[in-house]
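Listing of entry-v1.cif, mmCIF, C-alpha atoms and all ligand atoms
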```cif
data_work
#
loop_
_atom_site.label_atom_id
_atom_site.label_comp_id
_atom_site.auth_asym_id
_atom_site.auth_seq_id
_atom_site.Cartn_x
_atom_site.Cartn_y
_atom_site.Cartn_z
CA MET A 1 91.28 203.15 -91.16
CA THR A 2 88.54 205.21 -89.59
CA THR A 3 88.58 208.93 -90.20
CA GLY A 4 86.99 209.69 -86.89
CA TYR A 5 85.34 208.74 -83.63
CA PHE A 6 81.98 209.55 -82.15
CA VAL A 7 82.27 210.65 -78.52
CA THR A 8 79.27 209.91 -76.39
CA GLY A 9 78.72 210.05 -72.66
CA THR A 10 76.74 208.62 -69.80
CA ASP A 11 74.83 211.90 -69.58
CA THR A 12 75.05 215.56 -70.44
CA GLY A 13 77.56 217.60 -68.42
CA ILE A 14 79.85 214.67 -67.64
CA GLY A 15 82.93 215.60 -69.65
CA LYS A 16 82.33 214.81 -73.32
CA THR A 17 83.80 218.13 -74.42
CA THR A 18 86.64 217.91 -71.91
CA VAL A 19 87.59 214.43 -73.12
CA SER A 20 87.02 215.26 -76.80
CA CYS A 21 89.52 218.12 -76.49
CA ALA A 22 91.98 215.84 -74.70
CA LEU A 23 91.58 213.25 -77.47
CA LEU A 24 92.29 215.90 -80.09
CA HIS A 25 95.51 216.84 -78.30
CA ALA A 26 96.43 213.18 -77.86
CA PHE A 27 96.09 212.49 -81.60
CA ALA A 28 97.86 215.76 -82.43
CA ALA A 29 100.77 214.67 -80.21
CA GLN A 30 101.06 211.65 -82.51
CA GLY A 31 101.54 213.95 -85.46
CA LYS A 32 97.98 213.73 -86.74
CA LYS A 33 95.95 216.52 -88.30
CA VAL A 34 92.89 216.73 -86.07
CA VAL A 35 89.59 218.57 -85.94
CA GLY A 36 86.68 218.50 -83.52
CA MET A 37 83.06 218.55 -84.63
CA LYS A 38 79.94 219.43 -82.68
CA PRO A 39 77.16 218.68 -85.17
CA VAL A 40 74.46 220.00 -82.87
CA ALA A 41 75.04 222.46 -80.03
CA ALA A 42 72.26 223.63 -77.71
CA GLY A 43 72.90 226.33 -75.12
CA SER A 44 74.66 229.58 -75.98
CA GLU A 45 76.58 231.80 -73.58
CA ASN A 46 77.12 235.43 -74.63
CA GLY A 47 76.48 234.57 -78.25
CA GLN A 48 78.90 231.65 -78.26
CA TRP A 49 78.64 227.91 -77.85
CA PRO A 50 81.38 226.91 -75.39
CA ASP A 51 81.74 223.35 -76.77
CA VAL A 52 82.35 224.71 -80.26
CA GLU A 53 84.94 227.22 -79.03
CA LEU A 54 86.78 224.56 -77.02
CA LEU A 55 86.80 222.04 -79.85
CA LEU A 56 87.95 224.72 -82.31
CA ALA A 57 90.83 225.63 -80.03
CA ALA A 58 91.90 221.99 -79.62
CA GLY A 59 92.07 221.24 -83.36
CA ASN A 60 95.04 221.98 -85.61
CA VAL A 61 93.52 222.42 -89.06
CA ASP A 62 91.78 225.46 -90.42
CA VAL A 63 88.19 224.71 -91.37
CA PRO A 64 85.05 226.86 -91.47
CA ARG A 65 83.21 227.06 -88.16
CA GLN A 66 79.99 226.21 -90.01
CA LYS A 67 81.44 222.77 -90.83
CA ILE A 68 82.52 222.16 -87.25
CA ASN A 69 79.09 223.15 -85.98
CA PRO A 70 76.31 223.03 -88.58
CA TYR A 71 73.50 223.40 -86.02
CA ALA A 72 73.49 225.72 -82.99
CA PHE A 73 70.52 226.67 -80.83
CA ASP A 74 70.33 229.22 -78.04
CA PRO A 75 68.38 227.45 -75.29
CA PRO A 76 70.09 224.64 -73.35
CA ILE A 77 67.32 222.15 -74.11
CA ALA A 78 66.84 218.91 -76.02
CA PRO A 79 67.97 219.57 -79.60
CA HIS A 80 64.84 218.41 -81.43
CA ILE A 81 62.74 220.78 -79.29
CA ALA A 82 65.22 223.64 -79.72
CA ALA A 83 65.05 223.11 -83.49
CA GLN A 84 61.26 222.91 -83.45
CA GLN A 85 61.05 226.21 -81.54
CA VAL A 86 62.74 227.99 -84.43
CA GLY A 87 60.82 226.07 -87.09
CA MET A 88 63.71 223.84 -88.12
CA GLU A 89 64.43 220.17 -88.29
CA ILE A 90 67.95 218.76 -87.95
CA ASP A 91 68.88 217.08 -91.21
CA PHE A 92 71.53 214.34 -91.13
CA SER A 93 72.54 215.00 -94.73
CA VAL A 94 73.75 218.50 -93.73
CA ILE A 95 75.84 216.92 -90.95
CA HIS A 96 77.18 214.29 -93.36
CA ARG A 97 78.34 216.87 -95.87
CA ALA A 98 80.09 218.85 -93.12
CA TYR A 99 81.73 215.66 -91.81
CA GLN A 100 83.00 214.81 -95.31
CA GLU A 101 84.68 218.22 -95.56
CA LEU A 102 86.26 217.87 -92.13
CA SER A 103 87.52 214.39 -92.85
CA ALA A 104 89.04 215.59 -96.11
CA ALA A 105 90.98 218.23 -94.18
CA ALA A 106 92.11 216.15 -91.20
CA ASP A 107 93.37 212.66 -90.37
CA ILE A 108 91.04 212.33 -87.40
CA VAL A 109 87.67 213.98 -86.73
CA ILE A 110 86.41 213.81 -83.15
CA VAL A 111 82.63 214.16 -83.27
CA GLU A 112 81.10 215.15 -79.95
CA GLY A 113 77.54 213.92 -79.63
CA VAL A 114 74.80 215.92 -78.00
CA GLY A 115 73.55 214.84 -74.56
CA GLY A 116 73.51 211.08 -74.00
CA PHE A 117 73.55 208.43 -76.73
CA LEU A 118 69.81 208.07 -77.24
CA VAL A 119 68.86 211.73 -77.10
CA PRO A 120 66.35 212.58 -79.83
CA VAL A 121 67.91 214.74 -82.55
CA ASN A 122 64.87 215.26 -84.75
CA GLN A 123 61.34 213.94 -84.99
CA ASN A 124 62.38 210.35 -85.59
CA GLN A 125 66.14 210.01 -85.16
CA THR A 126 68.49 209.92 -82.17
CA GLY A 127 72.15 210.49 -81.42
CA ALA A 128 72.62 206.76 -81.88
CA ASP A 129 71.20 207.02 -85.40
CA LEU A 130 73.60 209.87 -86.10
CA ALA A 131 76.61 207.85 -84.93
CA LYS A 132 75.39 204.91 -87.00
CA SER A 133 74.80 206.97 -90.13
CA LEU A 134 78.32 208.45 -89.82
CA ASN A 135 79.46 204.85 -89.22
CA LEU A 136 81.98 205.84 -86.57
CA PRO A 137 83.48 203.77 -83.76
CA VAL A 138 82.29 205.13 -80.44
CA ILE A 139 84.28 206.40 -77.47
CA LEU A 140 82.24 206.45 -74.28
CA VAL A 141 82.98 209.02 -71.59
CA VAL A 142 81.84 207.78 -68.22
CA GLY A 143 81.25 210.59 -65.75
CA MET A 144 82.36 208.82 -62.58
CA ARG A 145 79.65 209.33 -59.99
CA LEU A 146 77.07 207.23 -58.21
CA GLY A 147 74.74 205.79 -60.85
CA CYS A 148 77.34 205.72 -63.61
CA LEU A 149 77.61 201.92 -63.73
CA ASN A 150 74.03 201.59 -64.87
CA HIS A 151 74.34 204.52 -67.29
CA ALA A 152 77.59 203.18 -68.74
CA LEU A 153 76.23 199.65 -69.23
CA LEU A 154 72.97 200.91 -70.75
CA THR A 155 74.92 203.12 -73.15
CA ALA A 156 77.24 200.25 -74.09
CA GLN A 157 74.18 198.13 -74.82
CA ALA A 158 72.70 200.87 -77.01
CA ILE A 159 76.00 201.21 -78.92
CA LYS A 160 76.02 197.46 -79.52
CA ALA A 161 72.37 197.53 -80.57
CA VAL A 162 73.12 199.88 -83.47
CA GLY A 163 76.04 197.70 -84.50
CA LEU A 164 78.88 200.11 -83.76
CA PRO A 165 82.08 199.11 -81.99
CA LEU A 166 82.90 200.56 -78.58
CA ALA A 167 86.41 201.68 -79.49
CA GLY A 168 87.21 202.57 -75.91
CA TRP A 169 86.02 204.39 -72.84
CA VAL A 170 87.35 207.06 -70.54
CA ALA A 171 86.74 207.33 -66.80
CA ASN A 172 86.25 211.04 -66.16
CA CYS A 173 86.25 211.84 -62.45
CA ILE A 174 83.66 214.56 -62.13
CA ASP A 175 82.82 213.91 -58.48
CA PRO A 176 85.74 214.52 -56.11
CA GLN A 177 83.71 212.89 -53.30
CA MET A 178 82.94 209.67 -55.15
CA LYS A 179 83.33 206.65 -52.94
CA VAL A 180 85.04 203.42 -54.09
CA LEU A 181 86.15 205.03 -57.35
CA ALA A 182 88.79 202.39 -58.12
CA GLU A 183 86.28 199.59 -57.56
CA ASN A 184 83.80 201.28 -59.88
CA ILE A 185 86.43 201.64 -62.58
CA ALA A 186 87.43 197.99 -62.14
CA THR A 187 83.78 196.95 -62.45
CA LEU A 188 83.46 198.79 -65.74
CA GLU A 189 86.77 197.40 -67.00
CA GLN A 190 85.40 193.95 -66.41
CA ARG A 191 82.01 194.57 -68.00
CA LEU A 192 82.57 196.99 -70.86
CA ASP A 193 83.45 195.52 -74.21
CA GLY A 194 86.22 197.99 -75.07
CA PRO A 195 89.53 199.18 -73.60
CA LEU A 196 89.87 201.79 -70.89
CA LEU A 197 91.78 204.59 -72.62
CA GLY A 198 92.53 206.46 -69.44
CA VAL A 199 91.37 207.98 -66.18
CA VAL A 200 91.02 211.76 -66.03
CA PRO A 201 91.15 212.94 -62.41
CA PHE A 202 88.94 215.62 -60.91
CA ASP A 203 90.88 218.79 -61.61
CA LEU A 204 89.27 222.14 -62.27
CA GLU A 205 92.49 223.59 -63.69
CA MET A 206 93.72 220.84 -65.96
CA HIS A 207 94.30 221.88 -69.56
CA ALA A 208 93.31 219.50 -72.36
CA GLN A 209 96.98 219.21 -73.34
CA GLU A 210 97.71 217.78 -69.88
CA SER A 211 94.77 215.39 -69.77
CA ALA A 212 95.74 214.22 -73.28
CA LYS A 213 98.84 212.62 -71.73
CA LEU A 214 96.53 210.42 -69.62
CA LEU A 215 94.76 208.97 -72.66
CA ASP A 216 96.20 206.04 -74.54
CA VAL A 217 94.94 206.57 -78.07
CA VAL A 218 97.38 203.94 -79.33
CA THR A 219 95.14 201.35 -77.62
CA LEU A 220 92.34 202.26 -80.03
CA GLY A 221 92.12 199.45 -82.53
CA SER A 222 91.99 200.02 -86.25
CA TYR A 223 88.50 200.30 -87.65
N1 LIG B 1 87.79 215.76 -64.75
C1 LIG B 1 87.18 216.91 -64.48
N2 LIG B 1 87.50 217.62 -63.37
C2 LIG B 1 86.88 218.76 -63.08
N3 LIG B 1 85.92 219.32 -63.82
C3 LIG B 1 85.55 218.68 -64.94
C4 LIG B 1 86.15 217.44 -65.33
N4 LIG B 1 85.57 217.03 -66.49
C5 LIG B 1 84.66 217.96 -66.81
N5 LIG B 1 84.64 218.95 -65.90
C6 LIG B 1 83.78 220.14 -65.91
O1 LIG B 1 82.43 219.70 -65.94
C7 LIG B 1 81.65 220.52 -66.79
C8 LIG B 1 81.00 219.66 -67.85
O2 LIG B 1 82.02 219.11 -68.68
P1 LIG B 1 81.85 219.05 -70.26
O3 LIG B 1 83.12 218.50 -70.81
O4 LIG B 1 81.41 220.35 -70.78
O5 LIG B 1 80.66 217.98 -70.34
P2 LIG B 1 79.70 217.57 -71.57
O6 LIG B 1 80.43 217.90 -72.83
O7 LIG B 1 79.47 216.11 -71.40
O8 LIG B 1 78.44 218.35 -71.39
C9 LIG B 1 82.60 221.59 -67.34
O9 LIG B 1 82.50 222.75 -66.57
C10 LIG B 1 83.96 220.94 -67.21
O10 LIG B 1 84.99 221.87 -67.08
MG MG B 2 79.85 219.14 -74.40
#
```
With the file now loaded, output its structure as structure tokens.
Amino acid sequence: MTTGYFVTGTDTGIGKTTVSCALLHAFAAQGKKVVGMKPVAAGSENGQWPDVELLLAAGNVDVPRQKINPYAFDPPIAPHIAAQQVGMEIDFSVIHRAYQELSAAADIVIVEGVGGFLVPVNQNQTGADLAKSLNLPVILVVGMRLGCLNHALLTAQAIKAVGLPLAGWVANCIDPQMKVLAENIATLEQRLDGPLLGVVPFDLEMHAQESAKLLDVVTLGSY
């Protein structure tokens, strides 16, 4: 059985953190020990990284923050450039060691990627390489808006290209004005090679515990 999932998205700002937190609550509701991980965070607000805080709050095991988030950079820019600006390079072995500790403490680790799937992470590796090196099944968050069909299919192709399974996908409705939403979801159901785990509606107030009830984590196969 897998010890975790890698959550990627059709873009940045489309609901990876929102869905990762919902997934953590969904697994916790099944009696699992869960922890979120944000290996690389870029973009601080008042000395904090919102993704890290949200993932921390959604988990139910006590682990050092440094393991949940080994790399954090202040500017909201591409991670390899943020790292370069402070004379660092993101090292996968550091992320691997942190992941091992998290997976020893929890039944399920939800790893939120940075940006989209192919975002560069260091001078010669991408988010896809990170997912591959952790060898995790991928959950794709599709931010439902015009253009998402292309982004979702490209991402699915990139997931396949590194040889990882698409464990499932989530339709996250980030655009309340989106036209033909149901038809777009149906199109992706037909073309994506993994189950639709759920549809999260546009709702600015919804807590992760509520959206968790919309996600069918039982549908996730065993990997
Ligand atoms: N279904 C939704 N309805 C309303 N707002 C949402 C929804 N999903 C995400 N958002 C908001 O969109 C923004 C980006 O979401 P986030 O989960 O942080 O994206 P990512 O992790 O991909 O960058 C956040 O302010 C979040 O609260
Ligand atoms: Mg995020």
- Task: All residues within 9 Å of ligand LIG 1 (chain B) are required, counting all atoms listed in the file; please report them as a ChimeraX atom specification.
- Result: /A:8-21,50-51,112-116,141,143,171-176,199-206,211
- Query: Out of A:Ile159, A:Ala128, A:Ala105, A:Ala42, which residue has the shortest atom-to-atom distance to ligand MG 2 (chain B) when counting all atoms listed in the file?
  - Reply: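 For ligand MG 2 (chain B), the nearest of the given residues is A:Ala42.
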- Query: Expressed in Å to a single decimal, how great is the separation between CA of Ser93 in chain A and CA of Ala58 in chain A?
  - Reply: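 For CA of Ser93 in chain A relative to CA of Ala58 in chain A, the distance reads 25.5 Å.
Among A:Ala78, A:Leu146, A:Leu55, A:Val119, the residue with the shortest atom-to-atom distance to ligand MG 2 (chain B), counting all atoms listed in the file, is A:Leu55.
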- Rank nothing, just name the residue among A:Val52, A:Met1, A:Asp129, A:Ser44 nearest to ligand MG 2 (chain B), using only C-alpha atoms and all ligand atoms.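 Checking each of A:Val52, A:Met1, A:Asp129, A:Ser44 against ligand MG 2 (chain B), counting only C-alpha atoms and all ligand atoms, the winner is A:Val52.
Here CA of Ser103 in chain A is placed at a distance of 16.1 Å from CA of Leu130 in chain A.
Take the candidates A:Leu181, A:Ala167, A:Leu154, A:Ile81 and check each one against Gly221 in chain A using all atoms listed in the file; the shortest distance goes to A:Ala167.
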- With all atoms listed in the file as the atoms that count, which of A:Val35, A:Leu118, A:Leu214, A:Ala41 lies nearest to ligand MG 2 (chain B)?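 Of A:Val35, A:Leu118, A:Leu214, A:Ala41, the one nearest ligand MG 2 (chain B), counting all atoms listed in the file, is A:Ala41.
Picture a line from CA of Val109 in chain A to CA of Lys33 in chain A; it runs 8.8 Å.
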- Go ahead and find all residues with at least one atom no further than 12 Å from (91.6, 203.7, -69.1) in the file's coordinates, using only C-alpha atoms; report them as a PyMOL selection string. chain A and resi 139-142+167-173+182+185-186+188-190+192+194-201+213-220
So that I can see what lies close to Ala104 in chain A, please list as a PDB file with C-alpha atoms, keeping the file's coordinate frame the residues with an atom at most 12 Å from it, counting only C-alpha atoms and leaving out residues fewer than 5 positions away in the same chain.
```pdb
ATOM      1  CA  THR A   3      88.580 208.930 -90.200  1.00  0.00           C
ATOM      2  CA  GLY A   4      86.990 209.690 -86.890  1.00  0.00           C
ATOM      3  CA  LYS A  33      95.950 216.520 -88.300  1.00  0.00           C
ATOM      4  CA  VAL A  34      92.890 216.730 -86.070  1.00  0.00           C
ATOM      5  CA  VAL A  35      89.590 218.570 -85.940  1.00  0.00           C
ATOM      6  CA  VAL A  61      93.520 222.420 -89.060  1.00  0.00           C
ATOM      7  CA  ASP A  62      91.780 225.460 -90.420  1.00  0.00           C
ATOM      8  CA  VAL A  63      88.190 224.710 -91.370  1.00  0.00           C
ATOM      9  CA  LYS A  67      81.440 222.770 -90.830  1.00  0.00           C
ATOM     10  CA  ARG A  97      78.340 216.870 -95.870  1.00  0.00           C
ATOM     11  CA  ALA A  98      80.090 218.850 -93.120  1.00  0.00           C
ATOM     12  CA  TYR A  99      81.730 215.660 -91.810  1.00  0.00           C
ATOM     13  CA  VAL A 109      87.670 213.980 -86.730  1.00  0.00           C
TER      14      VAL A 109
END
```
- Return the single residue from A:Trp49, A:Tyr71, A:Phe92, A:Tyr223 that is closest to ligand MG 2 (chain B), with distances computed using all atoms listed in the file.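 When distances to ligand MG 2 (chain B) are compared using all atoms listed in the file, the smallest one comes from A:Trp49.
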- Task: Scan for residues within 7 Å of the point (84.8, 202.3, -83.4) in the coordinates of the file, using only C-alpha atoms, and reply as number ranges by chain.
- Result: A: 5, 136-138, 164-167, 223
File contents for range 17-52 of chain A with N, CA and C atoms as a tab-separated table (two decimals), in the first residue's frame:
```tsv
chain	number	residue	atom	x	y	z
A	17	THR	N	-3.84	23.35	-2.39
A	17	THR	CA	-3.83	23.34	-0.92
A	17	THR	C	-5.23	23.04	-0.38
A	18	THR	N	-6.22	23.69	-0.98
A	18	THR	CA	-7.61	23.48	-0.56
A	18	THR	C	-7.97	22.00	-0.63
A	19	VAL	N	-7.64	21.38	-1.75
A	19	VAL	CA	-7.99	19.97	-1.94
A	19	VAL	C	-7.10	19.06	-1.09
A	20	SER	N	-5.83	19.41	-0.95
A	20	SER	CA	-4.94	18.61	-0.09
A	20	SER	C	-5.48	18.56	1.34
A	21	CYS	N	-5.94	19.70	1.84
A	21	CYS	CA	-6.50	19.75	3.20
A	21	CYS	C	-7.77	18.91	3.28
A	22	ALA	N	-8.59	18.99	2.24
A	22	ALA	CA	-9.83	18.19	2.21
A	22	ALA	C	-9.48	16.70	2.18
A	23	LEU	N	-8.45	16.33	1.42
A	23	LEU	CA	-8.04	14.92	1.36
A	23	LEU	C	-7.56	14.45	2.74
A	24	LEU	N	-6.81	15.31	3.42
A	24	LEU	CA	-6.33	14.94	4.76
A	24	LEU	C	-7.52	14.66	5.68
A	25	HIS	N	-8.53	15.52	5.63
A	25	HIS	CA	-9.72	15.30	6.47
A	25	HIS	C	-10.48	14.05	6.03
A	26	ALA	N	-10.51	13.81	4.73
A	26	ALA	CA	-11.24	12.64	4.23
A	26	ALA	C	-10.57	11.34	4.71
A	27	PHE	N	-9.24	11.29	4.66
A	27	PHE	CA	-8.54	10.10	5.16
A	27	PHE	C	-8.66	10.00	6.68
A	28	ALA	N	-8.60	11.15	7.36
A	28	ALA	CA	-8.73	11.15	8.82
A	28	ALA	C	-10.10	10.62	9.23
A	29	ALA	N	-11.12	10.96	8.44
A	29	ALA	CA	-12.48	10.49	8.74
A	29	ALA	C	-12.58	8.97	8.61
A	30	GLN	N	-11.63	8.39	7.91
A	30	GLN	CA	-11.58	6.92	7.78
A	30	GLN	C	-10.71	6.29	8.86
A	31	GLY	N	-10.33	7.10	9.81
A	31	GLY	CA	-9.55	6.59	10.93
A	31	GLY	C	-8.05	6.54	10.69
A	32	LYS	N	-7.60	7.21	9.64
A	32	LYS	CA	-6.17	7.16	9.32
A	32	LYS	C	-5.40	8.27	10.06
A	33	LYS	N	-4.14	7.98	10.33
A	33	LYS	CA	-3.23	9.02	10.80
A	33	LYS	C	-2.70	9.72	9.55
A	34	VAL	N	-2.85	11.03	9.50
A	34	VAL	CA	-2.54	11.75	8.26
A	34	VAL	C	-1.64	12.96	8.53
A	35	VAL	N	-0.82	13.26	7.54
A	35	VAL	CA	0.00	14.47	7.63
A	35	VAL	C	0.17	15.06	6.23
A	36	GLY	N	0.16	16.37	6.16
A	36	GLY	CA	0.40	17.05	4.89
A	36	GLY	C	1.87	17.42	4.79
A	37	MET	N	2.37	17.52	3.56
A	37	MET	CA	3.75	17.94	3.35
A	37	MET	C	3.79	18.95	2.22
A	38	LYS	N	4.54	20.00	2.42
A	38	LYS	CA	4.77	20.99	1.36
A	38	LYS	C	6.28	21.07	1.23
A	39	PRO	N	6.87	20.22	0.39
A	39	PRO	CA	8.34	20.16	0.34
A	39	PRO	C	8.98	21.50	0.02
A	40	VAL	N	8.33	22.26	-0.87
A	40	VAL	CA	8.89	23.55	-1.26
A	40	VAL	C	7.77	24.58	-1.26
A	41	ALA	N	7.91	25.62	-0.45
A	41	ALA	CA	6.91	26.69	-0.42
A	41	ALA	C	7.59	27.98	-0.87
A	42	ALA	N	6.94	28.72	-1.74
A	42	ALA	CA	7.48	30.02	-2.17
A	42	ALA	C	6.38	31.06	-2.03
A	43	GLY	N	6.66	32.09	-1.24
A	43	GLY	CA	5.67	33.15	-1.03
A	43	GLY	C	5.22	33.20	0.42
A	44	SER	N	5.90	34.05	1.21
A	44	SER	CA	5.51	34.17	2.62
A	44	SER	C	4.57	35.35	2.81
A	45	GLU	N	3.73	35.24	3.85
A	45	GLU	CA	2.84	36.33	4.23
A	45	GLU	C	3.00	36.53	5.72
A	46	ASN	N	3.48	37.70	6.11
A	46	ASN	CA	3.73	38.00	7.54
A	46	ASN	C	4.56	36.92	8.22
A	47	GLY	N	5.61	36.52	7.53
A	47	GLY	CA	6.53	35.55	8.14
A	47	GLY	C	6.01	34.13	8.16
A	48	GLN	N	4.90	33.88	7.50
A	48	GLN	CA	4.37	32.51	7.45
A	48	GLN	C	4.12	32.10	6.01
A	49	TRP	N	4.02	30.80	5.83
A	49	TRP	CA	3.69	30.26	4.51
A	49	TRP	C	2.30	29.64	4.63
A	50	PRO	N	1.29	30.30	4.06
A	50	PRO	CA	-0.10	29.88	4.29
A	50	PRO	C	-0.35	28.39	3.99
A	51	ASP	N	0.25	27.87	2.92
A	51	ASP	CA	0.04	26.44	2.59
A	51	ASP	C	0.48	25.55	3.75
A	52	VAL	N	1.64	25.90	4.32
A	52	VAL	CA	2.20	25.08	5.39
A	52	VAL	C	1.28	25.13	6.62
```
